[in-house]
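Below is entry_14.txt, which holds compact mmCIF, C-alpha atoms.
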# COMPACT_ATOMS: atom_id res chain seq x y z
CA MET U 1 52.81 -134.58 -9.29
CA TYR U 2 51.39 -135.57 -12.61
CA LYS U 3 48.82 -132.93 -11.93
CA ASN U 4 49.50 -131.12 -15.12
CA SER U 5 46.77 -130.89 -17.71
CA GLY U 6 48.23 -133.73 -19.75
CA GLY U 7 48.71 -131.39 -22.67
CA ARG U 8 45.06 -130.52 -22.81
CA VAL U 9 44.36 -127.27 -24.64
CA PRO U 10 42.95 -124.56 -22.33
CA VAL U 11 39.27 -123.87 -22.90
CA SER U 12 39.93 -120.27 -23.90
CA ASP U 13 42.31 -121.49 -26.63
CA GLU U 14 39.62 -123.82 -27.96
CA VAL U 15 37.24 -120.85 -28.14
CA LEU U 16 39.84 -118.73 -29.90
CA LYS U 17 40.31 -121.49 -32.46
CA SER U 18 36.61 -121.41 -33.25
CA ASN U 19 36.77 -117.62 -33.41
CA GLU U 20 39.62 -117.91 -35.92
CA SER U 21 37.61 -120.42 -37.94
CA PHE U 22 34.86 -117.84 -38.26
CA TYR U 23 37.20 -115.23 -39.73
CA ARG U 24 38.93 -117.83 -41.92
CA ALA U 25 35.60 -118.88 -43.42
CA PHE U 26 34.87 -115.19 -44.04
CA ASN U 27 38.18 -114.57 -45.82
CA ASP U 28 38.04 -117.82 -47.76
CA LYS U 29 34.48 -116.90 -48.79
CA ASP U 30 33.72 -120.49 -47.87
CA PHE U 31 29.99 -120.68 -47.20
CA ALA U 32 30.06 -124.35 -46.15
CA ALA U 33 32.78 -123.60 -43.60
CA MET U 34 30.81 -120.57 -42.37
CA ALA U 35 27.67 -122.69 -41.98
CA GLY U 36 29.73 -125.18 -39.98
CA VAL U 37 31.11 -122.51 -37.67
CA TRP U 38 27.59 -121.63 -36.54
CA SER U 39 25.48 -123.71 -34.18
CA SER U 40 22.95 -125.96 -35.90
CA SER U 41 20.31 -124.54 -33.54
CA GLN U 42 17.62 -122.27 -34.91
CA ASP U 43 18.30 -119.94 -31.97
CA ILE U 44 21.13 -118.01 -33.57
CA SER U 45 21.30 -114.32 -34.33
CA CYS U 46 23.54 -111.90 -36.16
CA ILE U 47 23.92 -108.12 -36.39
CA HIS U 48 26.12 -107.13 -39.33
CA PRO U 49 27.54 -103.58 -39.31
CA GLY U 50 24.68 -101.22 -40.07
CA TRP U 51 22.13 -104.01 -40.38
CA ASN U 52 19.11 -104.76 -38.29
CA VAL U 53 18.97 -107.86 -36.12
CA LEU U 54 18.80 -111.16 -38.01
CA GLU U 55 17.35 -114.11 -36.12
CA GLY U 56 17.08 -117.80 -36.96
CA ARG U 57 19.50 -120.00 -38.83
CA ASP U 58 17.86 -119.46 -42.21
CA SER U 59 18.07 -115.66 -42.05
CA VAL U 60 21.58 -115.64 -40.63
CA LEU U 61 23.00 -118.10 -43.16
CA GLU U 62 21.23 -116.37 -46.04
CA SER U 63 22.99 -113.14 -45.05
CA TRP U 64 26.35 -114.91 -45.07
CA ARG U 65 25.61 -116.47 -48.44
CA THR U 66 25.00 -112.96 -49.81
CA ILE U 67 28.11 -111.47 -48.19
CA LEU U 68 30.45 -114.31 -49.13
CA SER U 69 29.22 -114.42 -52.71
CA ASN U 70 29.91 -110.70 -53.20
CA PRO U 71 33.07 -110.52 -55.36
CA SER U 72 33.87 -107.03 -54.06
CA GLN U 73 33.61 -108.02 -50.37
CA PRO U 74 36.97 -107.04 -48.82
CA ARG U 75 38.90 -109.35 -46.52
CA ILE U 76 38.65 -108.91 -42.76
CA VAL U 77 41.51 -108.71 -40.29
CA PHE U 78 40.76 -109.35 -36.65
CA GLY U 79 42.84 -108.85 -33.54
CA GLY U 80 42.84 -108.22 -29.81
CA ALA U 81 40.46 -111.10 -29.14
CA THR U 82 39.70 -111.79 -25.50
CA VAL U 83 37.58 -114.65 -24.19
CA ASN U 84 35.22 -114.77 -21.23
CA VAL U 85 34.29 -118.40 -20.55
CA LEU U 86 31.01 -118.75 -18.63
CA GLY U 87 30.51 -122.49 -18.31
CA MET U 88 29.28 -123.84 -21.62
CA VAL U 89 29.12 -120.35 -23.14
CA ALA U 90 32.00 -118.11 -24.16
CA VAL U 91 31.91 -114.43 -25.10
CA VAL U 92 34.67 -113.19 -27.40
CA VAL U 93 35.22 -109.51 -28.02
CA CYS U 94 37.68 -108.40 -30.67
CA ARG U 95 38.56 -105.72 -33.15
CA GLU U 96 38.07 -106.01 -36.87
CA LEU U 97 39.49 -104.09 -39.81
CA VAL U 98 37.67 -104.16 -43.15
CA ALA U 99 39.12 -102.13 -46.03
CA GLY U 100 40.84 -99.85 -43.53
CA SER U 101 37.69 -99.26 -41.49
CA PRO U 102 37.88 -100.27 -37.81
CA LEU U 103 35.04 -102.25 -36.24
CA ALA U 104 34.43 -103.85 -32.86
CA ALA U 105 32.78 -107.24 -32.55
CA THR U 106 31.06 -109.65 -30.19
CA ASN U 107 31.08 -113.39 -30.88
CA VAL U 108 29.14 -115.69 -28.55
CA PHE U 109 29.96 -119.40 -28.67
CA VAL U 110 28.30 -122.44 -27.08
CA SER U 111 30.02 -125.74 -26.48
CA GLU U 112 28.20 -128.41 -28.49
CA GLY U 113 29.63 -131.91 -28.28
CA GLY U 114 33.03 -130.55 -27.37
CA VAL U 115 33.11 -128.00 -30.18
CA TRP U 116 32.55 -124.26 -29.68
CA LYS U 117 29.84 -123.17 -32.10
CA LEU U 118 28.82 -119.60 -32.85
CA VAL U 119 25.32 -118.59 -31.71
CA HIS U 120 25.57 -114.81 -32.02
CA HIS U 121 27.71 -112.25 -33.82
CA GLN U 122 27.58 -108.47 -33.78
CA SER U 123 29.97 -106.13 -35.49
CA GLY U 124 29.75 -102.36 -35.51
CA PRO U 125 31.87 -99.46 -36.75
CA VAL U 126 34.40 -97.71 -34.54
CA TYR U 127 34.39 -94.00 -35.30
CA ALA U 128 37.79 -92.48 -35.97
CA SER U 129 37.59 -90.13 -33.01
CA GLN U 130 37.21 -93.12 -30.70
CA SER U 131 39.69 -95.45 -32.33
CA THR U 132 42.85 -93.75 -31.11
CA MET E 1 -2.37 -132.54 -12.97
CA TYR E 2 -0.85 -129.90 -10.79
CA LYS E 3 2.00 -129.93 -13.23
CA ASN E 4 1.87 -126.23 -13.80
CA SER E 5 4.85 -124.12 -12.88
CA GLY E 6 3.31 -122.98 -9.62
CA GLY E 7 3.28 -119.42 -10.84
CA ARG E 8 7.03 -119.34 -11.29
CA VAL E 9 8.18 -116.68 -13.72
CA PRO E 10 9.68 -118.18 -16.90
CA VAL E 11 13.45 -117.77 -17.12
CA SER E 12 13.21 -115.67 -20.26
CA ASP E 13 10.91 -113.22 -18.45
CA GLU E 14 13.45 -112.91 -15.64
CA VAL E 15 16.11 -112.08 -18.23
CA LEU E 16 13.84 -109.52 -19.90
CA LYS E 17 13.30 -107.87 -16.51
CA SER E 18 17.03 -107.46 -16.10
CA ASN E 19 17.23 -106.14 -19.64
CA GLU E 20 14.55 -103.58 -18.80
CA SER E 21 16.45 -102.61 -15.66
CA PHE E 22 19.46 -101.79 -17.83
CA TYR E 23 17.48 -99.39 -20.01
CA ARG E 24 15.66 -97.92 -17.01
CA ALA E 25 18.97 -97.12 -15.31
CA PHE E 26 20.08 -95.50 -18.58
CA ASN E 27 16.98 -93.32 -18.85
CA ASP E 28 16.96 -92.44 -15.16
CA LYS E 29 20.66 -91.52 -15.48
CA ASP E 30 21.01 -93.56 -12.30
CA PHE E 31 24.63 -94.59 -12.08
CA ALA E 32 24.16 -96.68 -8.92
CA ALA E 33 21.36 -98.62 -10.58
CA MET E 34 23.50 -99.08 -13.71
CA ALA E 35 26.41 -100.38 -11.60
CA GLY E 36 23.98 -102.82 -9.97
CA VAL E 37 22.71 -104.10 -13.32
CA TRP E 38 26.21 -105.24 -14.26
CA SER E 39 27.94 -108.29 -12.86
CA SER E 40 30.35 -107.57 -10.02
CA SER E 41 32.95 -109.63 -11.91
CA GLN E 42 35.93 -107.91 -13.47
CA ASP E 43 35.26 -109.94 -16.63
CA ILE E 44 32.74 -107.58 -18.16
CA SER E 45 32.97 -105.74 -21.44
CA CYS E 46 31.10 -103.07 -23.35
CA ILE E 47 31.10 -101.68 -26.89
CA HIS E 48 29.22 -98.38 -27.09
CA PRO E 49 28.14 -97.20 -30.56
CA GLY E 50 31.26 -96.05 -32.37
CA TRP E 51 33.55 -96.82 -29.45
CA ASN E 52 36.33 -99.33 -29.17
CA VAL E 53 36.01 -102.32 -26.86
CA LEU E 54 36.02 -101.53 -23.15
CA GLU E 55 37.04 -104.35 -20.83
CA GLY E 56 37.03 -104.69 -17.06
CA ARG E 57 34.55 -103.33 -14.55
CA ASP E 58 36.46 -100.11 -13.92
CA SER E 59 36.59 -99.12 -17.60
CA VAL E 60 33.02 -100.12 -18.29
CA LEU E 61 31.54 -98.32 -15.28
CA GLU E 62 33.66 -95.24 -15.91
CA SER E 63 32.16 -95.04 -19.40
CA TRP E 64 28.67 -95.23 -17.95
CA ARG E 65 29.47 -92.56 -15.39
CA THR E 66 30.51 -90.28 -18.26
CA ILE E 67 27.45 -91.09 -20.38
CA LEU E 68 24.91 -90.82 -17.56
CA SER E 69 26.37 -87.55 -16.28
CA ASN E 70 26.06 -85.92 -19.71
CA PRO E 71 23.10 -83.53 -19.44
CA SER E 72 22.55 -83.66 -23.22
CA GLN E 73 22.44 -87.47 -23.37
CA PRO E 74 19.09 -88.33 -25.00
CA ARG E 75 16.80 -91.02 -23.65
CA ILE E 76 16.83 -94.48 -25.19
CA VAL E 77 13.84 -96.51 -26.33
CA PHE E 78 14.27 -100.23 -26.78
CA GLY E 79 12.05 -102.84 -28.37
CA GLY E 80 11.85 -106.19 -30.08
CA ALA E 81 13.90 -107.90 -27.40
CA THR E 82 14.34 -111.65 -27.81
CA VAL E 83 16.08 -113.95 -25.35
CA ASN E 84 18.20 -117.02 -25.97
CA VAL E 85 18.75 -118.83 -22.67
CA LEU E 86 21.84 -121.06 -22.71
CA GLY E 87 21.97 -122.54 -19.23
CA MET E 88 23.31 -119.91 -16.85
CA VAL E 89 23.89 -117.44 -19.68
CA ALA E 90 21.29 -115.53 -21.70
CA VAL E 91 21.80 -113.55 -24.89
CA VAL E 92 19.33 -110.74 -25.55
CA VAL E 93 19.17 -108.98 -28.90
CA CYS E 94 17.02 -105.91 -29.32
CA ARG E 95 16.57 -102.67 -31.16
CA GLU E 96 17.28 -99.26 -29.71
CA LEU E 97 16.25 -95.77 -30.73
CA VAL E 98 18.28 -92.79 -29.52
CA ALA E 99 17.24 -89.31 -30.67
CA GLY E 100 15.57 -90.85 -33.72
CA SER E 101 18.62 -92.91 -34.68
CA PRO E 102 18.08 -96.68 -34.85
CA LEU E 103 20.60 -99.03 -33.27
CA ALA E 104 20.82 -102.78 -32.73
CA ALA E 105 22.12 -104.23 -29.50
CA THR E 106 23.43 -107.36 -27.82
CA ASN E 107 23.11 -107.82 -24.06
CA VAL E 108 24.66 -110.90 -22.45
CA PHE E 109 23.50 -111.82 -18.95
CA VAL E 110 24.77 -114.39 -16.44
CA SER E 111 22.71 -115.80 -13.59
CA GLU E 112 24.40 -114.85 -10.33
CA GLY E 113 22.63 -115.97 -7.17
CA GLY E 114 19.32 -116.10 -8.98
CA VAL E 115 19.69 -112.66 -10.55
CA TRP E 116 20.55 -112.07 -14.20
CA LYS E 117 23.51 -109.71 -14.33
CA LEU E 118 24.90 -108.01 -17.40
CA VAL E 119 28.40 -109.13 -18.47
CA HIS E 120 28.52 -107.68 -21.98
CA HIS E 121 26.77 -104.99 -24.01
CA GLN E 122 27.25 -103.92 -27.60
CA SER E 123 25.21 -101.36 -29.46
CA GLY E 124 25.80 -100.24 -33.02
CA PRO E 125 24.05 -98.01 -35.55
CA VAL E 126 21.56 -99.36 -38.06
CA TYR E 127 21.97 -97.54 -41.34
CA ALA E 128 18.78 -96.15 -42.82
CA SER E 129 19.00 -98.27 -45.95
CA GLN E 130 18.94 -101.40 -43.80
CA SER E 131 16.37 -100.32 -41.26
CA THR E 132 13.32 -100.71 -43.42
What is this file in C-alpha cells?
Amino acid sequence: MYKNSGGRVPVSDEVLKSNESFYRAFNDKDFAAMAGVWSSSQDISCIHPGWNVLEGRDSVLESWRTILSNPSQPRIVFGGATVNVLGMVAVVVCRELVAGSPLAATNVFVSEGGVWKLVHHQSGPVYASQST
Amino acid sequence: MYKNSGGRVPVSDEVLKSNESFYRAFNDKDFAAMAGVWSSSQDISCIHPGWNVLEGRDSVLESWRTILSNPSQPRIVFGGATVNVLGMVAVVVCRELVAGSPLAATNVFVSEGGVWKLVHHQSGPVYASQST
C-alpha cells in the first residue's frame, strides 16, 4: 500500500504539456515563449513545411522570429499527439492543421533539469489523397 | 598518453552507419534488411512524404513492404546527414533526393544492445523556392 505515485504526473503527460506549450507559443505569436520552449543547446534543428533543414539555435530561432512576426501567419491546430518516452528523450508525433491544410509533425524533446525542452521539430504536408 | 580511444568508432559514426543502412535497404528494395533497420519495439512511427502518421511496427513495416515492392519506386539519394547524440537516443537530420525532388528528413535511432535501431522516420518535400 501507499505504492501509488503520490499524485506525480506521468512522464508522458509532462511531455505533452511541453508539446502544448510549443503550439501555444506559436498561436500567441510569443517569440520569448517559443525561445523558452526550445533547448538552450546549440544542437537543435528544425524542418518547417517545405523548408530545408535548419540547424543551430541561432538559425532555428531566427526562423521562428520571422514566422511569428508575420501578421498573416494563420493559427495552428494540433491533435492526435502520441508520446514515445526513451529515457531522457521523448518523441512526439501529431497532426497539425494550418488554414485548413493538414500536416504531420515530429517533435523531439529532451529532459533538461526536469523540464522537457524541444531539440527538433519537423512538419510536413499531408496530401489530400492520404489524409482520409 | 595512451589516452586515445583505442580505435573505437565514435558514437556518431555508428549512428551514421545505421542511417546508411536505412537508405541502402531502401535502394536495394530489401524488405528484410529494412525490417532489421527498425527497432523491434512496437513503439515505432513513420511519416512518409505526404502521408499521415503511421504508428506501430505492423503499420510501419506494411508501408515499407508496399513501397519497396513498387517496381516504379525511384532510388533515393541522401546527404548532409548530421547527428545529435542524446544518450541512448540519436537524432539524424539529412536531405534526400528522389527522382530529382528534394526532401528533408528526420531519423531517430535508439541504441539497442549496442546497435542503433530506427524508431522514427519523417520525410517531407522541400519546395523549390526554399531549396536554394
Would you give me, as CSV, each residue of chain E having an atom within 12 Å of an atom of chain U, along with its shortest atom pair and that distance in Å to one decimal, using all atoms listed in the file and sorting by chain and residue number?
residue,atom,partner,partner_atom,distance
E:Ser41,CA,U:Asn84,CA,10.9
E:Gln42,CA,U:Asn84,CA,10.4
E:Asp43,CA,U:Asn84,CA,6.7
E:Ile44,CA,U:Asn84,CA,8.2
E:Ser45,CA,U:Val93,CA,7.9
E:Cys46,CA,U:Val93,CA,9.0
E:Ile47,CA,U:Ala104,CA,7.2
E:His48,CA,U:Val126,CA,9.1
E:Pro49,CA,U:Gly124,CA,7.3
E:Gly50,CA,U:Val126,CA,4.2
E:Trp51,CA,U:Val126,CA,5.2
E:Asn52,CA,U:Val126,CA,5.9
E:Val53,CA,U:Ala104,CA,6.4
E:Leu54,CA,U:Val93,CA,9.4
E:Glu55,CA,U:Val93,CA,9.0
E:Gly56,CA,U:Asn84,CA,11.1
E:Gly79,CA,U:Val53,CA,11.5
E:Gly80,CA,U:Val53,CA,9.5
E:Ala81,CA,U:Val53,CA,10.1
E:Thr82,CA,U:Glu55,CA,9.2
E:Val83,CA,U:Asp43,CA,9.2
E:Asn84,CA,U:Asp43,CA,6.7
E:Val85,CA,U:Asp43,CA,9.4
E:Leu86,CA,U:Val89,CA,7.3
E:Gly87,CA,U:Met88,CA,7.8
E:Met88,CA,U:Gly87,CA,7.8
E:Val89,CA,U:Val89,CA,6.9
E:Ala90,CA,U:Val89,CA,9.3
E:Val91,CA,U:His120,CA,8.2
E:Val92,CA,U:Ser45,CA,9.7
E:Val93,CA,U:Val53,CA,7.3
E:Cys94,CA,U:Val53,CA,7.3
E:Arg95,CA,U:Val53,CA,7.6
E:Glu96,CA,U:Asn52,CA,10.4
E:Ser101,CA,U:Gly50,CA,11.6
E:Pro102,CA,U:Asn52,CA,8.8
E:Leu103,CA,U:Asn52,CA,7.8
E:Ala104,CA,U:Asn52,CA,6.1
E:Ala105,CA,U:Ile47,CA,8.1
E:Thr106,CA,U:Gln122,CA,7.3
E:Asn107,CA,U:Thr106,CA,10.2
E:Val108,CA,U:Val91,CA,8.5
E:Phe109,CA,U:Leu86,CA,10.2
E:Val110,CA,U:Leu86,CA,7.9
E:Ser111,CA,U:Leu86,CA,10.1
E:Glu112,CA,U:Leu86,CA,11.3
E:Val119,CA,U:Val91,CA,9.2
E:His120,CA,U:Val91,CA,8.2
E:His121,CA,U:Thr106,CA,8.8
E:Gln122,CA,U:Thr106,CA,7.4
E:Ser123,CA,U:Gly124,CA,7.6
E:Gly124,CA,U:Gly124,CA,5.1
E:Pro125,CA,U:Gly50,CA,5.6
E:Val126,CA,U:Gly50,CA,4.2
E:Tyr127,CA,U:Gly50,CA,4.7
E:Ala128,CA,U:Gly50,CA,8.3
E:Ser129,CA,U:Trp51,CA,8.6
E:Gln130,CA,U:Trp51,CA,5.4
E:Ser131,CA,U:Asn52,CA,6.0
E:Thr132,CA,U:Asn52,CA,8.7
Chain U least-squares fitted onto chain E over all paired Cα atoms, as a PDB file with C-alpha atoms, in the frame of the given file:
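The result, written out as selection27.pdb:
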ATOM      1  CA  MET U   1      -2.025-132.616 -12.242  1.00  0.00           C
ATOM      2  CA  TYR U   2      -0.485-129.901 -10.174  1.00  0.00           C
ATOM      3  CA  LYS U   3       2.279-129.995 -12.701  1.00  0.00           C
ATOM      4  CA  ASN U   4       2.001-126.358 -13.482  1.00  0.00           C
ATOM      5  CA  SER U   5       4.911-124.092 -12.702  1.00  0.00           C
ATOM      6  CA  GLY U   6       3.322-122.874  -9.484  1.00  0.00           C
ATOM      7  CA  GLY U   7       3.276-119.352 -10.837  1.00  0.00           C
ATOM      8  CA  ARG U   8       6.995-119.305 -11.353  1.00  0.00           C
ATOM      9  CA  VAL U   9       8.135-116.656 -13.819  1.00  0.00           C
ATOM     10  CA  PRO U  10       9.643-118.164 -17.000  1.00  0.00           C
ATOM     11  CA  VAL U  11      13.404-117.766 -17.211  1.00  0.00           C
ATOM     12  CA  SER U  12      13.171-115.669 -20.364  1.00  0.00           C
ATOM     13  CA  ASP U  13      10.875-113.220 -18.537  1.00  0.00           C
ATOM     14  CA  GLU U  14      13.408-112.917 -15.721  1.00  0.00           C
ATOM     15  CA  VAL U  15      16.075-112.078 -18.309  1.00  0.00           C
ATOM     16  CA  LEU U  16      13.823-109.521 -19.965  1.00  0.00           C
ATOM     17  CA  LYS U  17      13.260-107.880 -16.591  1.00  0.00           C
ATOM     18  CA  SER U  18      16.995-107.459 -16.154  1.00  0.00           C
ATOM     19  CA  ASN U  19      17.221-106.149 -19.710  1.00  0.00           C
ATOM     20  CA  GLU U  20      14.534-103.584 -18.867  1.00  0.00           C
ATOM     21  CA  SER U  21      16.421-102.616 -15.717  1.00  0.00           C
ATOM     22  CA  PHE U  22      19.427-101.796 -17.865  1.00  0.00           C
ATOM     23  CA  TYR U  23      17.462 -99.392 -20.056  1.00  0.00           C
ATOM     24  CA  ARG U  24      15.638 -97.933 -17.040  1.00  0.00           C
ATOM     25  CA  ALA U  25      18.944 -97.145 -15.339  1.00  0.00           C
ATOM     26  CA  PHE U  26      20.074 -95.513 -18.593  1.00  0.00           C
ATOM     27  CA  ASN U  27      16.971 -93.322 -18.872  1.00  0.00           C
ATOM     28  CA  ASP U  28      16.923 -92.475 -15.181  1.00  0.00           C
ATOM     29  CA  LYS U  29      20.618 -91.560 -15.476  1.00  0.00           C
ATOM     30  CA  ASP U  30      20.957 -93.588 -12.301  1.00  0.00           C
ATOM     31  CA  PHE U  31      24.595 -94.637 -12.056  1.00  0.00           C
ATOM     32  CA  ALA U  32      24.092 -96.733  -8.905  1.00  0.00           C
ATOM     33  CA  ALA U  33      21.291 -98.666 -10.602  1.00  0.00           C
ATOM     34  CA  MET U  34      23.461 -99.107 -13.712  1.00  0.00           C
ATOM     35  CA  ALA U  35      26.343-100.416 -11.594  1.00  0.00           C
ATOM     36  CA  GLY U  36      23.916-102.868 -10.000  1.00  0.00           C
ATOM     37  CA  VAL U  37      22.650-104.122 -13.346  1.00  0.00           C
ATOM     38  CA  TRP U  38      26.154-105.265 -14.273  1.00  0.00           C
ATOM     39  CA  SER U  39      27.882-108.332 -12.876  1.00  0.00           C
ATOM     40  CA  SER U  40      30.291-107.620 -10.027  1.00  0.00           C
ATOM     41  CA  SER U  41      32.890-109.682 -11.911  1.00  0.00           C
ATOM     42  CA  GLN U  42      35.877-107.955 -13.445  1.00  0.00           C
ATOM     43  CA  ASP U  43      35.230-109.976 -16.612  1.00  0.00           C
ATOM     44  CA  ILE U  44      32.720-107.606 -18.154  1.00  0.00           C
ATOM     45  CA  SER U  45      32.967-105.756 -21.431  1.00  0.00           C
ATOM     46  CA  CYS U  46      31.106-103.076 -23.323  1.00  0.00           C
ATOM     47  CA  ILE U  47      31.117-101.682 -26.865  1.00  0.00           C
ATOM     48  CA  HIS U  48      29.232 -98.384 -27.056  1.00  0.00           C
ATOM     49  CA  PRO U  49      28.170 -97.197 -30.532  1.00  0.00           C
ATOM     50  CA  GLY U  50      31.294 -96.037 -32.327  1.00  0.00           C
ATOM     51  CA  TRP U  51      33.572 -96.828 -29.400  1.00  0.00           C
ATOM     52  CA  ASN U  52      36.353 -99.324 -29.115  1.00  0.00           C
ATOM     53  CA  VAL U  53      36.038-102.331 -26.835  1.00  0.00           C
ATOM     54  CA  LEU U  54      36.012-101.550 -23.109  1.00  0.00           C
ATOM     55  CA  GLU U  55      37.032-104.371 -20.790  1.00  0.00           C
ATOM     56  CA  GLY U  56      36.994-104.713 -17.012  1.00  0.00           C
ATOM     57  CA  ARG U  57      34.503-103.372 -14.524  1.00  0.00           C
ATOM     58  CA  ASP U  58      36.416-100.159 -13.873  1.00  0.00           C
ATOM     59  CA  SER U  59      36.570 -99.145 -17.541  1.00  0.00           C
ATOM     60  CA  VAL U  60      32.990-100.151 -18.254  1.00  0.00           C
ATOM     61  CA  LEU U  61      31.512 -98.357 -15.243  1.00  0.00           C
ATOM     62  CA  GLU U  62      33.637 -95.272 -15.865  1.00  0.00           C
ATOM     63  CA  SER U  63      32.139 -95.069 -19.362  1.00  0.00           C
ATOM     64  CA  TRP U  64      28.631 -95.264 -17.921  1.00  0.00           C
ATOM     65  CA  ARG U  65      29.443 -92.608 -15.347  1.00  0.00           C
ATOM     66  CA  THR U  66      30.488 -90.308 -18.209  1.00  0.00           C
ATOM     67  CA  ILE U  67      27.436 -91.099 -20.348  1.00  0.00           C
ATOM     68  CA  LEU U  68      24.897 -90.840 -17.535  1.00  0.00           C
ATOM     69  CA  SER U  69      26.353 -87.595 -16.235  1.00  0.00           C
ATOM     70  CA  ASN U  70      26.068 -85.942 -19.662  1.00  0.00           C
ATOM     71  CA  PRO U  71      23.096 -83.537 -19.395  1.00  0.00           C
ATOM     72  CA  SER U  72      22.556 -83.642 -23.165  1.00  0.00           C
ATOM     73  CA  GLN U  73      22.464 -87.466 -23.346  1.00  0.00           C
ATOM     74  CA  PRO U  74      19.119 -88.320 -24.999  1.00  0.00           C
ATOM     75  CA  ARG U  75      16.818 -91.015 -23.659  1.00  0.00           C
ATOM     76  CA  ILE U  76      16.852 -94.473 -25.219  1.00  0.00           C
ATOM     77  CA  VAL U  77      13.863 -96.483 -26.380  1.00  0.00           C
ATOM     78  CA  PHE U  78      14.295-100.200 -26.842  1.00  0.00           C
ATOM     79  CA  GLY U  79      12.066-102.801 -28.428  1.00  0.00           C
ATOM     80  CA  GLY U  80      11.873-106.150 -30.178  1.00  0.00           C
ATOM     81  CA  ALA U  81      13.906-107.881 -27.480  1.00  0.00           C
ATOM     82  CA  THR U  82      14.344-111.615 -27.895  1.00  0.00           C
ATOM     83  CA  VAL U  83      16.077-113.922 -25.433  1.00  0.00           C
ATOM     84  CA  ASN U  84      18.206-116.992 -26.062  1.00  0.00           C
ATOM     85  CA  VAL U  85      18.725-118.820 -22.762  1.00  0.00           C
ATOM     86  CA  LEU U  86      21.815-121.060 -22.784  1.00  0.00           C
ATOM     87  CA  GLY U  87      21.922-122.539 -19.300  1.00  0.00           C
ATOM     88  CA  MET U  88      23.237-119.924 -16.908  1.00  0.00           C
ATOM     89  CA  VAL U  89      23.843-117.444 -19.737  1.00  0.00           C
ATOM     90  CA  ALA U  90      21.274-115.526 -21.755  1.00  0.00           C
ATOM     91  CA  VAL U  91      21.790-113.533 -24.948  1.00  0.00           C
ATOM     92  CA  VAL U  92      19.330-110.714 -25.615  1.00  0.00           C
ATOM     93  CA  VAL U  93      19.188-108.964 -28.953  1.00  0.00           C
ATOM     94  CA  CYS U  94      17.037-105.880 -29.366  1.00  0.00           C
ATOM     95  CA  ARG U  95      16.597-102.635 -31.206  1.00  0.00           C
ATOM     96  CA  GLU U  96      17.310 -99.241 -29.746  1.00  0.00           C
ATOM     97  CA  LEU U  97      16.290 -95.737 -30.762  1.00  0.00           C
ATOM     98  CA  VAL U  98      18.319 -92.763 -29.532  1.00  0.00           C
ATOM     99  CA  ALA U  99      17.276 -89.281 -30.673  1.00  0.00           C
ATOM    100  CA  GLY U 100      15.622 -90.800 -33.732  1.00  0.00           C
ATOM    101  CA  SER U 101      18.668 -92.858 -34.693  1.00  0.00           C
ATOM    102  CA  PRO U 102      18.127 -96.636 -34.885  1.00  0.00           C
ATOM    103  CA  LEU U 103      20.645 -98.993 -33.286  1.00  0.00           C
ATOM    104  CA  ALA U 104      20.861-102.740 -32.768  1.00  0.00           C
ATOM    105  CA  ALA U 105      22.144-104.214 -29.529  1.00  0.00           C
ATOM    106  CA  THR U 106      23.453-107.344 -27.848  1.00  0.00           C
ATOM    107  CA  ASN U 107      23.112-107.816 -24.089  1.00  0.00           C
ATOM    108  CA  VAL U 108      24.653-110.905 -22.487  1.00  0.00           C
ATOM    109  CA  PHE U 109      23.482-111.832 -18.991  1.00  0.00           C
ATOM    110  CA  VAL U 110      24.721-114.415 -16.478  1.00  0.00           C
ATOM    111  CA  SER U 111      22.648-115.816 -13.659  1.00  0.00           C
ATOM    112  CA  GLU U 112      24.330-114.888 -10.374  1.00  0.00           C
ATOM    113  CA  GLY U 113      22.551-116.007  -7.224  1.00  0.00           C
ATOM    114  CA  GLY U 114      19.247-116.135  -9.042  1.00  0.00           C
ATOM    115  CA  VAL U 115      19.611-112.693 -10.598  1.00  0.00           C
ATOM    116  CA  TRP U 116      20.501-112.093 -14.258  1.00  0.00           C
ATOM    117  CA  LYS U 117      23.465-109.727 -14.348  1.00  0.00           C
ATOM    118  CA  LEU U 118      24.880-108.035 -17.427  1.00  0.00           C
ATOM    119  CA  VAL U 119      28.376-109.146 -18.483  1.00  0.00           C
ATOM    120  CA  HIS U 120      28.521-107.688 -21.990  1.00  0.00           C
ATOM    121  CA  HIS U 121      26.772-105.004 -24.017  1.00  0.00           C
ATOM    122  CA  GLN U 122      27.270-103.914 -27.605  1.00  0.00           C
ATOM    123  CA  SER U 123      25.245-101.358 -29.470  1.00  0.00           C
ATOM    124  CA  GLY U 124      25.836-100.223 -33.023  1.00  0.00           C
ATOM    125  CA  PRO U 125      24.101 -97.970 -35.544  1.00  0.00           C
ATOM    126  CA  VAL U 126      21.610 -99.297 -38.070  1.00  0.00           C
ATOM    127  CA  TYR U 127      22.037 -97.458 -41.353  1.00  0.00           C
ATOM    128  CA  ALA U 128      18.857 -96.040 -42.835  1.00  0.00           C
ATOM    129  CA  SER U 129      19.085 -98.158 -45.963  1.00  0.00           C
ATOM    130  CA  GLN U 130      19.009-101.288 -43.813  1.00  0.00           C
ATOM    131  CA  SER U 131      16.430-100.208 -41.280  1.00  0.00           C
ATOM    132  CA  THR U 132      13.376-100.551 -43.499  1.00  0.00           C
TER     133      THR U 132
END
Please measure the separation of atom CA of U:Ala25 and atom CA of U:Pro71, giving the value in Å to one decimal.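 Those two atoms sit 14.8 Å apart.
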Show me, as a list of chain:residue names, the residues that have an atom within 12 Å of U:Asn70 when counting only C-alpha atoms, minus same-chain residues fewer than 5 positions from it. U:Phe26, U:Asn27, U:Lys29, U:Asp30, U:Phe31, U:Ser63, U:Trp64, U:Arg65, U:Arg75
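In terms of minimum interatomic distance to E:Asn19, E:Val37 ranks closest within E:Leu61, E:Ala99, E:Val37, E:Ala32, counting only C-alpha atoms.
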Which value, in Å to one decimal, gives the distance between atom CA of U:Ala35 and atom CA of U:Glu14?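 Interatomic distance here is 18.5 Å.
In this structure, atom CA of E:Lys117 sits 17.1 Å away from atom CA of E:Ser59.
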For each of U:Pro74, U:Asp28, U:Val9, U:Val60, take the minimum atom-to-atom distance to U:Ser40, counting only C-alpha atoms, then give the residue where this is smallest.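 So, comparing all the options, the nearest one is U:Val60.
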